[in-house]
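Have a look at the structure below before the remarks.
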Amino acid sequence: MGAGLYLWDNGLFALDSIGALAGAVDGAHEAPAVEMRTRSGKTLMRININGEGRPRCVTILRNQLIKALVNAAKDAGVELVTDSAVLAVRPEGEVHFGQGRVHTADLVVVADGVHSRLRDSVDLSYTRIRMRQGAARIMIPQSGGYLPAEDSVKLLESFHGSRRLLYTPCTPEHVYLAFTCDADDPAINGSYVNTAEWSRSFPALAMVLRATEGVPVTRWDTFEYVRLATWSRGKVAFLGDAAHAQPPYLGQGGGTAMTNAVALAAAVSRPGLELPDALQTWERETRPGVERTQRTSYRMRLLNRVPDGVRNPLVRLAGLTSSSANSQLAATRLRPKLTSENPKNPKNPEHPDITKETQ
Ligand SMILES: Cc1cc2nc3c(=O)[nH]c(=O)nc-3n(C[C@H](O)[C@H](O)[C@H](O)COP(=O)(O)OP(=O)(O)OC[C@H]3O[C@@H](n4cnc5c(N)ncnc54)[C@H](O)[C@@H]3O)c2cc1C
């Protein structure tokens, strides 16, 4: 899909652990800062990134990430089959395709996105909240003329009422824009954004917005929040948006999905752990961090529900303390427990009982 993506430390770590990092970040943009701004371009909050001791965040094209994942999978000997919709999965490990084709697997990992139908095929109970807001995404060519040079390289999020406009340089050729608003906001007309309307909201970005005239929206997504009662049933594990979708205010849905996939792989690879125990261990160790990320991003919707006169001073105040940035960045510090750090490792003194079992 033609759109950009933020990859923070946690997602980068996940990619590195499967050998996909170099391909994913080749030519990616490394901005000096993320800034939250008023509609007229005043900075309310700034988080410095990508320097010594700072959080790392690269912005890339989504299709580059997909290609890097495909290459890493092929290098690992994975057989990839596309155009092959799964109709149902069963806790015993059965995967049902069309025309009565059934495969049986030791472990079935379901990552079929926020609209997952396979969740229902194993009768999982879950909470799914369709939010009032969503986003339209557009790519425009990179140009030196949109913004002053020092701003053009930053990741900028500007607010006006219930609208947000995200400006993201991705490659030397591409800028990714996300227009976030209520689903019934007339500023998005079918497949086009109403440039005049968005320019009225964000006069400081008028030059950027001019470049969107006549450019069709890549796609519109209404934001959702999903919470499963349990992440697995029998031999079937769920992850990514199918299991823990979140609104993209933190840019963490993909990062969380990838980190959790690596955590699952590590848990089921621990020697001596049977599948049911491995799946329980995975969920116990990973779920609290994933849900903290979901809660933070879900809470951030509230910034769209207050007038500028209330939000701007609040965000400015939050920018003066480190706690707000810290809660936003907590997800970026999450790391899956890899096999070498596993609790059964005899060198791990924190788990002497398990160590004994292993020996
Ligand atoms: C506006 C917006 C901006 C975002 N920005 C960021 C960001 O900057 N950084 C970030 O980390 N995340 C971001 N996200 C979130 C991120 O896109 C998702 O969290 C991520 O794509 C989830 O990955 P997934 O693999 O779980 O699901 P998906 O990416 O939805 O993939 C699911 C796949 O399963 C396939 N599928 C579905 N049903 C079946 C079936 N029955 N059989 C076979 N295949 C099936 C689909 O075709 C699809 O390819 C953003 C989301 C939105 C809406």
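Following the order of the structure tokens, first chain is A, next is B, and so on, with residues numbered from 1 inside each chain and ligands from 1 in the order they appear.
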
Report task. Would you mind listing what lies within 8 Å of Thr104 in chain A as a list in words, with only C-alpha atoms counted and same-chain residues fewer than 5 positions away left out? Result -> Gly93, Glu94 and Val95 of chain A

Export of prior selection with N, CA and C atoms as a compact mmCIF listing (two decimals), in the first residue's frame:
```
# COMPACT_ATOMS: atom_id res chain seq x y z
N GLY A 93 -5.47 -27.29 15.22
CA GLY A 93 -4.39 -26.95 14.29
C GLY A 93 -4.78 -27.07 12.83
N GLU A 94 -6.07 -27.23 12.58
CA GLU A 94 -6.52 -27.34 11.18
C GLU A 94 -6.68 -25.95 10.58
N VAL A 95 -6.23 -25.82 9.31
CA VAL A 95 -6.41 -24.58 8.57
C VAL A 95 -7.22 -24.92 7.33
```

Report task. Identify, counting only C-alpha atoms and all ligand atoms, the protein, DNA and RNA residues located within 7 Å of ligand 1, and give them as an NGL selection string. Result -> :A and (4-7 or 84-87 or 111-114 or 116-118 or 134-137 or 178 or 221-223 or 239-242 or 245 or 247-248 or 251-257)

Query raised in the report: Which residues, written as a ChimeraX atom specification, have at least one atom at most 12 Å from Arg46 in chain A, with only C-alpha atoms counted and residues fewer than 5 positions away on the same chain left out?
Result: /A:32-37,154-157,315-322,324-325

Query raised in the report: If you run DSSP on the backbone, which residues of range 86-291 of chain A are alpha helix (DSSP H), as a ChimeraX atom specification?
Result: /A:118-121,149-152,195-201,206-210,241-244,253-268,275-291

Query - Surrounding residues of Arg233 in chain A excluding itself and chain neighbours under 4 positions, 12 Å, only C-alpha atoms, as a list in words - result: Val89, Arg90, Pro91, Glu92, Gly93, Leu107, Val108, Val109, Val110, Leu118, Arg119, Asp120, Ser121, Val122, Asp123, Leu124, Ser125, Leu228, Ala229, Ala237, Phe238, Leu275, Pro276, Leu279, Gln280 and Glu283 of chain A

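What separates CA of Glu150 in chain A from CA of Arg164 in chain A is a distance of 21.1 Å.
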
**Report entry** Residue set, range 103-248 of chain A restricted to strand (DSSP E), as a VMD selection string
**Finding:** chain A and resid 103 to 104 108 to 110 126 to 141 155 to 160 163 to 169 174 to 182 188 to 189 192 to 193 219 to 228 232 to 233 236 to 238

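Between Val262 in chain A and the residues A:Val290, A:Val208, A:Leu338, A:Ile129, the shortest atom-to-atom distance, using only C-alpha atoms, involves A:Leu338.
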